[in-house]
>>> print(open('input-v6.cif').read())   # mmCIF, C-alpha atoms and all ligand atoms
data_structure
#
loop_
_atom_site.label_atom_id
_atom_site.label_comp_id
_atom_site.auth_asym_id
_atom_site.auth_seq_id
_atom_site.Cartn_x
_atom_site.Cartn_y
_atom_site.Cartn_z
CA MET S 68 11.73 7.96 2.20
CA HIS S 69 10.67 4.75 0.47
CA GLU S 70 12.61 5.65 -2.68
CA LEU S 71 15.62 4.42 -0.73
CA SER S 72 14.29 0.86 -0.44
CA ILE S 73 13.06 0.99 -4.02
CA THR S 74 16.53 2.04 -5.12
CA GLN S 75 18.09 -0.87 -3.21
CA GLY S 76 15.93 -3.24 -5.25
CA LEU S 77 16.84 -1.39 -8.41
CA LEU S 78 20.57 -1.49 -7.72
CA GLN S 79 20.45 -5.19 -6.96
CA ILE S 80 18.87 -5.87 -10.35
CA VAL S 81 21.33 -3.60 -12.18
CA LEU S 82 24.37 -5.22 -10.57
CA GLU S 83 23.02 -8.73 -11.13
CA GLU S 84 22.39 -8.05 -14.81
CA ALA S 85 25.77 -6.38 -15.22
CA ARG S 86 27.53 -9.39 -13.74
CA LYS S 87 25.48 -11.80 -15.84
CA HIS S 88 26.50 -9.98 -19.04
CA SER S 89 30.10 -9.29 -17.96
CA ILE S 90 29.62 -5.54 -17.86
CA SER S 91 32.22 -3.94 -15.62
CA LYS S 92 31.06 -0.36 -16.07
CA VAL S 93 27.37 0.52 -16.23
CA ARG S 94 26.79 3.73 -18.19
CA LEU S 95 23.01 4.06 -18.39
CA VAL S 96 19.99 2.54 -16.69
CA LYS S 97 16.56 2.95 -18.27
CA LEU S 98 13.45 2.67 -16.14
CA ARG S 99 9.74 2.78 -16.80
CA ILE S 100 7.73 4.28 -13.96
CA GLY S 101 3.96 4.64 -14.06
CA GLU S 102 2.27 7.78 -12.85
CA LEU S 103 0.16 5.73 -10.46
CA THR S 104 3.15 4.53 -8.45
CA ALA S 105 4.30 6.18 -5.26
CA VAL S 106 7.68 6.98 -6.77
CA GLU S 107 9.07 10.45 -7.14
CA PRO S 108 11.60 10.38 -10.03
CA SER S 109 13.76 13.13 -8.51
CA SER S 110 14.14 11.33 -5.15
CA LEU S 111 14.84 8.11 -7.01
CA THR S 112 17.63 9.79 -8.97
CA PHE S 113 19.03 11.22 -5.75
CA CYS S 114 19.04 7.81 -4.04
CA PHE S 115 20.51 6.17 -7.12
CA GLU S 116 23.50 8.50 -7.12
CA LEU S 117 23.95 7.85 -3.42
CA LEU S 118 23.75 4.05 -3.52
CA THR S 119 25.79 3.45 -6.67
CA LYS S 120 28.93 5.01 -5.17
CA ASP S 121 31.86 2.59 -5.46
CA THR S 122 29.86 0.02 -7.41
CA PRO S 123 30.14 -0.83 -11.13
CA ALA S 124 27.19 1.53 -11.62
CA ASP S 125 28.97 4.52 -10.07
CA GLY S 126 28.27 7.58 -12.22
CA ALA S 127 25.74 5.77 -14.44
CA GLY S 128 22.97 7.89 -15.89
CA LEU S 129 19.38 7.15 -14.92
CA GLU S 130 16.79 7.64 -17.63
CA ILE S 131 13.22 7.53 -16.38
CA ASP S 132 10.37 7.08 -18.79
CA VAL S 133 7.20 8.22 -17.00
CA VAL S 134 4.18 6.23 -18.15
CA PRO S 135 0.77 7.95 -18.03
CA ILE S 136 -2.30 6.36 -16.46
CA LYS S 137 -4.32 4.82 -19.31
CA LEU S 138 -7.53 2.85 -19.06
CA LYS S 139 -9.89 0.87 -21.21
CA CYS S 140 -13.64 1.08 -20.77
CA LEU S 141 -15.15 -2.39 -20.55
CA ASN S 142 -18.55 -1.01 -21.48
CA CYS S 143 -17.83 0.93 -24.69
CA TRP S 144 -14.18 -0.03 -25.34
CA GLU S 145 -12.98 3.56 -25.26
CA PHE S 146 -9.28 4.02 -24.42
CA PHE S 147 -8.54 7.08 -22.30
CA GLU S 148 -6.01 8.82 -20.12
CA THR S 149 -7.11 9.84 -16.62
CA ARG S 150 -7.72 13.43 -15.77
CA ASP S 151 -8.02 14.60 -12.15
CA ALA S 152 -7.62 11.07 -10.85
CA SER S 153 -10.89 9.92 -12.38
CA PHE S 154 -10.91 6.36 -13.64
CA VAL S 155 -14.45 6.72 -15.00
CA CYS S 156 -14.99 6.47 -18.77
CA PRO S 157 -15.30 9.99 -20.25
CA ALA S 158 -17.30 8.67 -23.20
CA CYS S 159 -20.05 6.66 -21.50
CA SER S 160 -19.51 7.45 -17.77
CA SER S 161 -19.08 3.76 -16.95
CA PHE S 162 -17.11 2.84 -13.79
CA ASN S 163 -16.35 -0.52 -15.34
CA THR S 164 -12.84 0.23 -16.59
CA GLU S 165 -9.53 -1.57 -16.64
CA LEU S 166 -6.12 -0.09 -15.94
CA ILE S 167 -3.81 -0.59 -18.94
CA THR S 168 -0.75 1.44 -17.94
CA GLY S 169 0.37 3.54 -14.98
CA ARG S 170 1.56 0.93 -12.45
CA GLU S 171 4.89 0.16 -14.19
CA LEU S 172 7.93 0.05 -11.98
CA TYR S 173 10.63 -1.79 -13.85
CA VAL S 174 14.13 -1.74 -15.27
CA GLU S 175 13.88 -1.75 -19.04
CA GLN S 176 17.49 -1.70 -20.17
CA ILE S 177 21.03 -1.24 -19.00
CA GLU S 178 23.97 -0.02 -21.06
CA GLY S 179 27.64 -0.41 -20.32
CA ASP S 180 30.85 -2.09 -21.33
CA MET G 984 26.55 -2.89 -25.01
CA LYS G 985 22.78 -2.60 -24.48
CA ILE G 986 21.05 -5.24 -22.39
CA PRO G 987 17.26 -5.44 -22.37
CA VAL G 988 16.20 -6.32 -18.83
CA VAL G 989 12.49 -5.84 -18.06
CA ARG G 990 12.54 -6.75 -14.37
CA ASP G 991 10.15 -5.45 -11.74
CA ILE G 992 12.05 -3.25 -9.30
CA LEU G 993 9.93 -4.57 -6.43
CA GLU G 994 10.38 -8.24 -7.40
CA ALA G 995 12.33 -9.14 -4.26
CA ASN G 996 9.58 -7.80 -1.99
CA GLU G 997 6.88 -9.41 -4.09
CA ARG G 998 8.57 -12.79 -3.81
CA ILE G 999 8.69 -12.58 -0.02
CA ALA G 1000 5.10 -11.33 0.12
CA ALA G 1001 3.93 -14.29 -1.98
CA GLU G 1002 5.70 -16.65 0.41
CA ASN G 1003 4.09 -14.90 3.42
CA ARG G 1004 0.76 -15.22 1.71
CA ARG G 1005 1.24 -18.96 1.29
CA ILE G 1006 2.01 -19.29 5.01
CA PHE G 1007 -1.06 -17.21 5.98
CA ASN G 1008 -3.27 -19.38 3.78
CA GLU G 1009 -1.81 -22.57 5.19
CA ASN G 1010 -2.60 -21.36 8.70
CA ARG G 1011 -6.02 -20.09 7.66
CA VAL G 1012 -5.50 -16.63 9.03
CA PHE G 1013 -7.14 -13.63 7.37
CA VAL G 1014 -4.67 -10.76 7.07
CA LEU G 1015 -5.33 -7.03 6.71
CA ASN G 1016 -2.87 -4.25 5.98
CA LEU G 1017 -4.22 -1.14 7.73
CA MET G 1018 -2.93 2.14 6.32
CA SER G 1019 -3.54 5.87 6.79
CA ALA G 1020 -1.84 9.21 7.28
CA PRO G 1021 -0.39 9.76 10.79
CA GLY G 1022 -3.10 10.17 13.39
CA ALA G 1023 -6.11 9.21 11.25
CA GLY G 1024 -7.13 6.63 13.85
CA LYS G 1025 -5.53 3.26 13.06
CA THR G 1026 -4.72 2.36 16.67
CA SER G 1027 -8.07 3.70 17.89
CA LEU G 1028 -9.86 1.50 15.34
CA LEU G 1029 -7.84 -1.51 16.45
CA GLU G 1030 -8.68 -0.86 20.10
CA ARG G 1031 -12.42 -0.70 19.31
CA THR G 1032 -12.21 -3.73 17.06
CA VAL G 1033 -10.38 -5.82 19.64
CA ASP G 1034 -12.83 -4.78 22.38
CA THR G 1035 -15.76 -5.92 20.27
CA LEU G 1036 -14.51 -9.01 18.46
CA ASN G 1037 -11.82 -10.56 20.64
CA GLY G 1038 -14.29 -12.94 22.30
CA GLU G 1039 -15.64 -14.38 19.07
CA MET G 1040 -12.36 -14.70 17.15
CA GLN G 1041 -8.64 -14.88 17.86
CA ILE G 1042 -6.97 -11.65 16.82
CA GLY G 1043 -3.28 -10.88 16.40
CA ILE G 1044 -1.78 -7.45 15.79
CA ILE G 1045 1.46 -6.32 14.21
CA GLU G 1046 2.30 -2.71 15.00
CA GLY G 1047 4.56 -0.86 12.61
CA ASP G 1048 6.07 2.31 13.97
CA ILE G 1049 9.06 4.36 12.99
CA GLN G 1050 10.34 4.47 16.51
CA SER G 1051 8.10 4.21 19.54
CA SER G 1052 6.19 1.26 20.95
CA ILE G 1053 3.30 3.33 22.31
CA ASP G 1054 0.72 1.83 19.96
CA ALA G 1055 1.80 -1.75 20.66
CA ALA G 1056 1.50 -1.02 24.40
CA ARG G 1057 -2.03 0.33 23.90
CA LEU G 1058 -3.06 -2.95 22.26
CA SER G 1059 -1.24 -5.53 24.31
CA LYS G 1060 -2.99 -3.97 27.32
CA LYS G 1061 -6.18 -5.39 25.79
CA GLY G 1062 -4.78 -8.91 25.96
CA VAL G 1063 -4.28 -9.55 22.26
CA ALA G 1064 -1.11 -11.02 20.83
CA THR G 1065 0.82 -7.97 19.66
CA VAL G 1066 4.19 -7.73 17.94
CA GLN G 1067 6.03 -4.49 17.47
CA ILE G 1068 8.13 -3.63 14.43
CA ASN G 1069 10.35 -0.57 14.55
CA THR G 1070 11.13 0.40 10.99
CA ASP G 1071 14.13 2.46 12.00
CA GLY G 1072 13.17 5.41 9.88
CA ALA G 1073 11.50 3.62 6.98
CA CYS G 1074 8.11 5.09 6.07
CA HIS G 1075 6.44 1.76 5.29
CA LEU G 1076 6.39 -1.93 6.16
CA ASP G 1077 7.44 -4.56 3.64
CA GLY G 1078 7.20 -8.31 3.25
CA ASN G 1079 10.46 -8.98 4.99
CA MET G 1080 9.60 -6.99 8.12
CA ILE G 1081 6.26 -8.79 8.36
CA ARG G 1082 7.96 -12.15 8.03
CA GLY G 1083 10.25 -11.29 10.92
CA ALA G 1084 7.26 -10.22 13.01
CA PHE G 1085 4.85 -13.08 12.43
CA SER G 1086 7.42 -15.66 13.44
CA HIS G 1087 6.70 -14.37 16.99
CA LEU G 1088 3.00 -15.19 16.65
CA ASP G 1089 1.22 -18.52 16.81
CA LEU G 1090 -0.45 -18.14 13.41
CA LYS G 1091 -2.32 -21.43 13.71
CA SER G 1092 -4.31 -20.13 16.65
CA LEU G 1093 -5.28 -16.86 14.92
CA ASP G 1094 -8.35 -16.11 12.81
CA LEU G 1095 -7.50 -12.51 12.04
CA LEU G 1096 -4.17 -10.71 11.82
CA ILE G 1097 -4.21 -6.94 11.41
CA VAL G 1098 -1.03 -5.08 10.55
CA GLU G 1099 -0.96 -1.39 11.47
CA ASN G 1100 1.29 0.18 8.88
CA VAL G 1101 3.44 3.26 9.45
CA GLY G 1102 1.38 6.47 9.38
CA ASN G 1103 1.83 7.69 5.80
CA LEU G 1104 -0.67 8.21 2.97
CA VAL G 1105 1.70 7.44 0.11
CA CYS G 1106 4.53 4.96 0.55
CA PRO G 1107 2.87 1.96 2.25
CA ALA G 1108 0.53 1.50 -0.72
CA GLU G 1109 3.45 0.46 -2.91
CA PHE G 1110 4.64 -2.49 -0.80
CA VAL G 1111 2.68 -5.72 -0.53
CA MET G 1112 3.27 -7.94 2.50
CA GLY G 1113 1.10 -10.96 1.69
CA GLU G 1114 -2.15 -9.49 3.01
CA ASP G 1115 -5.63 -10.52 1.87
CA HIS G 1116 -6.82 -6.92 1.71
CA LYS G 1117 -5.62 -3.40 2.19
CA VAL G 1118 -7.82 -1.25 4.39
CA MET G 1119 -7.35 2.50 4.65
CA ILE G 1120 -8.57 5.23 6.95
CA LEU G 1121 -9.10 8.83 5.99
CA SER G 1122 -10.18 11.16 8.79
CA VAL G 1123 -12.43 14.10 8.01
CA SER G 1124 -9.94 16.54 9.49
CA GLU G 1125 -7.51 15.72 6.66
CA GLY G 1126 -9.83 17.28 4.08
CA ASP G 1127 -11.84 15.95 1.15
CA ASP G 1128 -9.18 16.51 -1.52
CA LYS G 1129 -7.01 13.56 -0.47
CA PRO G 1130 -8.29 10.96 -2.96
CA LEU G 1131 -7.41 13.32 -5.80
CA LYS G 1132 -3.98 14.07 -4.40
CA TYR G 1133 -2.99 10.54 -3.37
CA PRO G 1134 -4.95 8.17 -5.61
CA LEU G 1135 -2.71 5.10 -5.24
CA MET G 1136 -3.81 4.05 -1.76
CA PHE G 1137 -7.48 4.53 -2.70
CA ARG G 1138 -6.92 2.42 -5.80
CA GLU G 1139 -5.18 -0.40 -3.93
CA SER G 1140 -7.51 -0.61 -0.93
CA SER G 1141 -10.61 -2.78 -0.61
CA VAL G 1142 -12.09 -0.79 2.26
CA LEU G 1143 -12.12 2.93 3.04
CA LEU G 1144 -13.07 3.96 6.56
CA ILE G 1145 -13.91 7.65 6.81
CA ASN G 1146 -13.13 8.33 10.48
CA LYS G 1147 -13.80 11.12 12.99
CA ILE G 1148 -17.26 11.90 11.61
CA ASP G 1149 -18.03 13.31 15.06
CA LEU G 1150 -15.86 16.26 13.98
CA LEU G 1151 -17.91 17.04 10.84
CA PRO G 1152 -19.63 20.08 12.40
CA TYR G 1153 -16.24 21.65 13.06
CA VAL G 1154 -14.29 20.94 9.90
CA ASP G 1155 -14.70 21.97 6.28
CA CYS G 1156 -15.06 18.55 4.71
CA SER G 1157 -17.68 16.98 2.48
CA ILE G 1158 -18.20 13.25 2.99
CA ASN G 1159 -19.97 13.09 -0.36
CA LYS G 1160 -16.98 14.56 -2.10
CA ILE G 1161 -14.67 12.00 -0.49
CA LYS G 1162 -16.95 9.15 -1.50
CA GLU G 1163 -17.49 10.42 -5.01
CA SER G 1164 -13.82 10.97 -5.81
CA SER G 1165 -12.75 7.71 -4.12
CA LEU G 1166 -15.22 5.69 -6.14
CA LYS G 1167 -14.02 7.32 -9.35
CA ILE G 1168 -10.60 5.92 -8.54
CA ASN G 1169 -11.82 2.57 -7.29
CA PRO G 1170 -15.48 1.65 -7.87
CA ASP G 1171 -15.06 -1.58 -5.88
CA LEU G 1172 -14.19 0.27 -2.67
CA THR G 1173 -16.37 -0.60 0.34
CA ILE G 1174 -16.86 2.60 2.35
CA PHE G 1175 -17.82 2.98 6.02
CA GLU G 1176 -18.37 6.30 7.78
CA ILE G 1177 -17.24 5.90 11.36
CA SER G 1178 -16.21 7.57 14.56
CA CYS G 1179 -13.85 5.66 16.81
CA LYS G 1180 -14.74 8.17 19.49
CA THR G 1181 -18.54 7.79 19.54
CA GLN G 1182 -18.49 4.31 17.88
CA GLU G 1183 -20.98 5.49 15.28
CA GLY G 1184 -20.89 3.37 12.11
CA LEU G 1185 -18.55 0.71 13.47
CA ILE G 1186 -21.17 -2.04 13.28
CA GLY G 1187 -20.82 -2.19 9.49
CA TRP G 1188 -17.05 -2.59 9.80
CA TYR G 1189 -17.37 -5.39 12.38
CA GLN G 1190 -19.82 -7.19 10.14
CA TRP G 1191 -17.47 -6.89 7.15
CA LEU G 1192 -14.70 -8.42 9.27
CA ARG G 1193 -16.91 -11.25 10.51
CA ASP G 1194 -17.99 -12.09 6.97
CA MET G 1195 -14.44 -12.04 5.67
CA VAL G 1196 -13.02 -14.14 8.49
CA ARG G 1197 -15.85 -16.66 8.14
CA THR G 1198 -15.40 -17.12 4.40
CA SER G 1199 -11.62 -17.41 4.66
CA SER G 1200 -11.43 -20.07 7.37
N1 LIG T 1 -12.64 13.20 17.58
C1 LIG T 1 -12.12 12.01 17.24
N2 LIG T 1 -10.85 11.73 17.52
C2 LIG T 1 -10.36 10.52 17.16
C3 LIG T 1 -11.16 9.56 16.50
N3 LIG T 1 -10.40 8.48 16.25
C4 LIG T 1 -9.18 8.74 16.76
N4 LIG T 1 -9.15 9.97 17.31
C5 LIG T 1 -8.00 10.64 17.96
O1 LIG T 1 -7.01 10.90 16.97
C6 LIG T 1 -5.71 10.77 17.55
C7 LIG T 1 -4.87 9.79 16.75
O2 LIG T 1 -5.46 8.50 16.84
P1 LIG T 1 -4.62 7.15 16.67
O3 LIG T 1 -5.59 6.05 16.77
O4 LIG T 1 -3.46 7.14 17.57
O5 LIG T 1 -4.13 7.34 15.17
P2 LIG T 1 -3.08 6.45 14.36
O6 LIG T 1 -3.55 6.45 12.95
O7 LIG T 1 -2.90 5.14 15.02
O8 LIG T 1 -1.76 7.33 14.49
P3 LIG T 1 -0.24 6.92 14.13
O9 LIG T 1 -0.04 5.50 14.56
O10 LIG T 1 0.58 7.90 14.90
O11 LIG T 1 -0.11 7.11 12.64
C8 LIG T 1 -5.91 10.34 18.98
O12 LIG T 1 -5.84 11.46 19.81
C9 LIG T 1 -7.32 9.76 18.98
O13 LIG T 1 -7.95 9.87 20.23
C10 LIG T 1 -12.54 9.91 16.23
O14 LIG T 1 -13.31 9.14 15.64
N5 LIG T 1 -12.95 11.14 16.61
MG MG T 2 -1.14 4.19 15.60
ZN ZN T 3 -17.16 3.83 -21.89
#
>>> encode(input="input-v6.cif", output="structure tokens", more="lines below")
Ligand SMILES: Nc1nc2c(ncn2[C@@H]2O[C@H](COP(=O)(O)OP(=O)(O)OP(=O)(O)O)[C@@H](O)[C@H]2O)c(=O)[nH]1
Ligand SMILES: [Mg+2]
Ligand SMILES: [Zn+2]
Amino acid sequence: MHELSITQGLLQIVLEEARKHSISKVRLVKLRIGELTAVEPSSLTFCFELLTKDTPADGAGLEIDVVPIKLKCLNCWEFFETRDASFVCPACSSFNTELITGRELYVEQIEGD
Amino acid sequence: MKIPVVRDILEANERIAAENRRIFNENRVFVLNLMSAPGAGKTSLLERTVDTLNGEMQIGIIEGDIQSSIDAARLSKKGVATVQINTDGACHLDGNMIRGAFSHLDLKSLDLLIVENVGNLVCPAEFVMGEDHKVMILSVSEGDDKPLKYPLMFRESSVLLINKIDLLPYVDCSINKIKESSLKINPDLTIFEISCKTQEGLIGWYQWLRDMVRTSS
């Protein structure tokens, strides 16, 4: 389960930021996760609860903002969301498109005191 | 207290991968990350590739496996430099594991380094290791709906090898459907239809490798 190694990276960032800002108790961690990542939010939450035990983030809530896959057509400048894993422009059928969102995998904010 | 952070969760891996990449470039070795579901034919492709190209270029192999060293044994029998990584349960290789493995290889003497990732169609696509390209295999016995179900690997790969085409008469799988849906995800994908068993279609793959190795050294 690769969510475990992803959560290790996540926890490291959370604890580093907490220390940097003198937070002794982390209450909430906000993430942004794109739909085109290989991350399953429920397994991530499970791993997070497991790995935070006995750390300053023990019991912290995990809020995951799932970001849809959005593209821009470089032929007709249409913005669109993918349907059925098609990255082709629905307006002009061009394959020449650019991914705008969907690959996010980052910590956005932590809350604590 | 609210602290805005905005840090990439995979930043630690990406840093190591970038450092690996620098070392690969310095040693002028072309590196591929070979991925597929379990049993799609990664080791078979490596065996064929080594048999054909080992005389004209120096090849090194890193074998990622959850536990066994069967695949590494299959390749070292062919006389290529092979290093085994046991991931100890992890479903993917990452930059750090690759770093540990390539220190056992004489990178300077290599032209091509191929890393066989752990058999898994999802997780490996998320972890860079410093490779030049990702290459994936989909075998026809897995079905033609896989690009739709697991788009990330198709999006991240430069090459798609559709393997086991010798089995097409026996399985319900449309090559056209695989190609069409893969290209909708990634129009830049180079696709080869191959059989590691009969060797059909492998010439195109060898030529792609030759061209890549030539332009990178
Ligand atoms: N019919 C047929 N069988 C193949 C072909 N390529 C590989 N196989 C068989 O498929 C099985 C799995 O092949 P491997 O090369 O071990 O696959 P792999 O992707 O390395 O598997 P893991 O490392 O376990 O993920 C073996 O029994 C191969 O002989 C092919 O083109 N046609
Ligand atoms: Mg194998
Ligand atoms: Zn368009």
>>> closest_residue(input="input-v6.cif", among="G:Ala1001, G:Met1136, G:Ile1044, G:Leu1150", to="chain S", atoms="all atoms listed in the file")
G:Met1136
>>> residues_near_ligand(input="input-v6.cif", ligand="ligand LIG 1 (chain T)", cutoff="7 Å", atoms="all atoms listed in the file", output="PyMOL selection string")
chain G and resi 1019-1028+1048+1054+1101-1102+1146-1150+1177-1181
>>> write_last_selection(input="input-v6.cif", atoms="C-alpha atoms", output="PDB file, in the coordinates of the input")
ATOM      1  CA  SER G1019      -3.540   5.870   6.790  1.00  0.00           C
ATOM      2  CA  ALA G1020      -1.840   9.210   7.280  1.00  0.00           C
ATOM      3  CA  PRO G1021      -0.390   9.760  10.790  1.00  0.00           C
ATOM      4  CA  GLY G1022      -3.100  10.170  13.390  1.00  0.00           C
ATOM      5  CA  ALA G1023      -6.110   9.210  11.250  1.00  0.00           C
ATOM      6  CA  GLY G1024      -7.130   6.630  13.850  1.00  0.00           C
ATOM      7  CA  LYS G1025      -5.530   3.260  13.060  1.00  0.00           C
ATOM      8  CA  THR G1026      -4.720   2.360  16.670  1.00  0.00           C
ATOM      9  CA  SER G1027      -8.070   3.700  17.890  1.00  0.00           C
ATOM     10  CA  LEU G1028      -9.860   1.500  15.340  1.00  0.00           C
ATOM     11  CA  ASP G1048       6.070   2.310  13.970  1.00  0.00           C
ATOM     12  CA  ASP G1054       0.720   1.830  19.960  1.00  0.00           C
ATOM     13  CA  VAL G1101       3.440   3.260   9.450  1.00  0.00           C
ATOM     14  CA  GLY G1102       1.380   6.470   9.380  1.00  0.00           C
ATOM     15  CA  ASN G1146     -13.130   8.330  10.480  1.00  0.00           C
ATOM     16  CA  LYS G1147     -13.800  11.120  12.990  1.00  0.00           C
ATOM     17  CA  ILE G1148     -17.260  11.900  11.610  1.00  0.00           C
ATOM     18  CA  ASP G1149     -18.030  13.310  15.060  1.00  0.00           C
ATOM     19  CA  LEU G1150     -15.860  16.260  13.980  1.00  0.00           C
ATOM     20  CA  ILE G1177     -17.240   5.900  11.360  1.00  0.00           C
ATOM     21  CA  SER G1178     -16.210   7.570  14.560  1.00  0.00           C
ATOM     22  CA  CYS G1179     -13.850   5.660  16.810  1.00  0.00           C
ATOM     23  CA  LYS G1180     -14.740   8.170  19.490  1.00  0.00           C
ATOM     24  CA  THR G1181     -18.540   7.790  19.540  1.00  0.00           C
TER      25      THR G1181
END
>>> closest_residue(input="input-v6.cif", among="S:Val155, S:Leu103, S:Val96, S:Leu78", to="ligand ZN 3 (chain T)", atoms="all atoms listed in the file")
S:Val155
>>> interface_residues(input="input-v6.cif", of="chain S", to="chain G", cutoff="7 Å", atoms="all atoms listed in the file", output="CSV table (one decimal) with C-alpha atoms, keeping the file's coordinate frame")
chain,number,residue,atom,x,y,z
S,68,MET,CA,11.7,8.0,2.2
S,69,HIS,CA,10.7,4.8,0.5
S,73,ILE,CA,13.1,1.0,-4.0
S,76,GLY,CA,15.9,-3.2,-5.2
S,77,LEU,CA,16.8,-1.4,-8.4
S,103,LEU,CA,0.2,5.7,-10.5
S,104,THR,CA,3.2,4.5,-8.4
S,105,ALA,CA,4.3,6.2,-5.3
S,151,ASP,CA,-8.0,14.6,-12.2
S,152,ALA,CA,-7.6,11.1,-10.8
S,153,SER,CA,-10.9,9.9,-12.4
S,154,PHE,CA,-10.9,6.4,-13.6
S,155,VAL,CA,-14.4,6.7,-15.0
S,162,PHE,CA,-17.1,2.8,-13.8
S,172,LEU,CA,7.9,0.0,-12.0
S,173,TYR,CA,10.6,-1.8,-13.8
S,174,VAL,CA,14.1,-1.7,-15.3
S,175,GLU,CA,13.9,-1.8,-19.0
S,176,GLN,CA,17.5,-1.7,-20.2
S,177,ILE,CA,21.0,-1.2,-19.0
S,178,GLU,CA,24.0,0.0,-21.1
S,179,GLY,CA,27.6,-0.4,-20.3
S,180,ASP,CA,30.8,-2.1,-21.3
>>> residues_near_point(input="input-v6.cif", point="(-16.1, -4.1, 8.5)", cutoff="12 Å", atoms="all atoms listed in the file", output="JSON, numbers by chain")
{"G": [1015, 1028, 1029, 1031, 1032, 1035, 1036, 1116, 1118, 1119, 1141, 1142, 1143, 1144, 1173, 1174, 1175, 1176, 1177, 1184, 1185, 1186, 1187, 1188, 1189, 1190, 1191, 1192, 1193, 1194, 1195, 1196]}
>>> residues_near_ligand(input="input-v6.cif", ligand="ligand ZN 3 (chain T)", cutoff="6 Å", atoms="all atoms listed in the file", output="list of chain:residue names")
S:Cys140, S:Asn142, S:Cys143, S:Trp144, S:Glu145, S:Cys156, S:Ala158, S:Cys159, S:Ser160, S:Ser161
>>> closest_residue(input="input-v6.cif", among="G:Ile1006, G:Leu1151, G:Asn1069, G:Ser1199", to="Ser1051 in chain G", atoms="all atoms listed in the file")
G:Asn1069
>>> atom_distance(input="input-v6.cif", atom1="CA of Lys139 in chain S", atom2="CA of Glu107 in chain S")
25.5 Å
>>> closest_residue(input="input-v6.cif", among="G:Leu1088, G:Val1066, G:Val1111, G:Val1154", to="Glu1046 in chain G", atoms="all atoms listed in the file")
G:Val1066
>>> atom_distance(input="input-v6.cif", atom1="CA of Ser1092 in chain G", atom2="CA of Asn1010 in chain G")
8.2 Å
>>> closest_residue(input="input-v6.cif", among="G:Val1033, G:Ile1068, G:Ile1158, G:Leu1090", to="Ile1049 in chain G", atoms="all atoms listed in the file")
G:Ile1068
>>> atom_distance(input="input-v6.cif", atom1="CA of Arg1004 in chain G", atom2="CA of Ile1081 in chain G")
10.8 Å
>>> build_atoms(input="input-v6.cif", residues="range 1103-1112 of chain G", atoms="N, CA, C and O atoms", output="mmCIF file, keeping the file's coordinate frame")
data_model
loop_
_atom_site.group_PDB
_atom_site.id
_atom_site.type_symbol
_atom_site.label_atom_id
_atom_site.label_comp_id
_atom_site.auth_asym_id
_atom_site.auth_seq_id
_atom_site.Cartn_x
_atom_site.Cartn_y
_atom_site.Cartn_z
ATOM 1 N N ASN G 1103 1.315 7.086 7.026
ATOM 2 C CA ASN G 1103 1.830 7.690 5.800
ATOM 3 C C ASN G 1103 0.804 7.378 4.704
ATOM 4 O O ASN G 1103 0.393 6.238 4.559
ATOM 5 N N LEU G 1104 0.411 8.386 3.948
ATOM 6 C CA LEU G 1104 -0.670 8.210 2.970
ATOM 7 C C LEU G 1104 -0.154 7.806 1.596
ATOM 8 O O LEU G 1104 -0.926 7.592 0.673
ATOM 9 N N VAL G 1105 1.158 7.706 1.439
ATOM 10 C CA VAL G 1105 1.700 7.440 0.110
ATOM 11 C C VAL G 1105 2.458 6.110 0.045
ATOM 12 O O VAL G 1105 2.022 5.153 -0.605
ATOM 13 N N CYS G 1106 3.578 6.051 0.736
ATOM 14 C CA CYS G 1106 4.530 4.960 0.550
ATOM 15 C C CYS G 1106 3.988 3.554 0.838
ATOM 16 O O CYS G 1106 4.255 2.639 0.055
ATOM 17 N N PRO G 1107 3.256 3.329 1.934
ATOM 18 C CA PRO G 1107 2.870 1.960 2.250
ATOM 19 C C PRO G 1107 2.082 1.286 1.127
ATOM 20 O O PRO G 1107 2.166 0.072 0.955
ATOM 21 N N ALA G 1108 1.373 2.085 0.327
ATOM 22 C CA ALA G 1108 0.530 1.500 -0.720
ATOM 23 C C ALA G 1108 1.335 0.778 -1.789
ATOM 24 O O ALA G 1108 0.806 -0.031 -2.537
ATOM 25 N N GLU G 1109 2.617 1.045 -1.853
ATOM 26 C CA GLU G 1109 3.450 0.460 -2.910
ATOM 27 C C GLU G 1109 4.017 -0.907 -2.533
ATOM 28 O O GLU G 1109 4.490 -1.637 -3.380
ATOM 29 N N PHE G 1110 3.950 -1.274 -1.245
ATOM 30 C CA PHE G 1110 4.640 -2.490 -0.800
ATOM 31 C C PHE G 1110 3.640 -3.531 -0.291
ATOM 32 O O PHE G 1110 2.990 -3.322 0.731
ATOM 33 N N VAL G 1111 3.539 -4.638 -1.011
ATOM 34 C CA VAL G 1111 2.680 -5.720 -0.530
ATOM 35 C C VAL G 1111 3.409 -6.501 0.554
ATOM 36 O O VAL G 1111 4.638 -6.503 0.616
ATOM 37 N N MET G 1112 2.639 -7.146 1.435
ATOM 38 C CA MET G 1112 3.270 -7.940 2.500
ATOM 39 C C MET G 1112 2.686 -9.344 2.565
ATOM 40 O O MET G 1112 3.096 -10.132 3.401
#
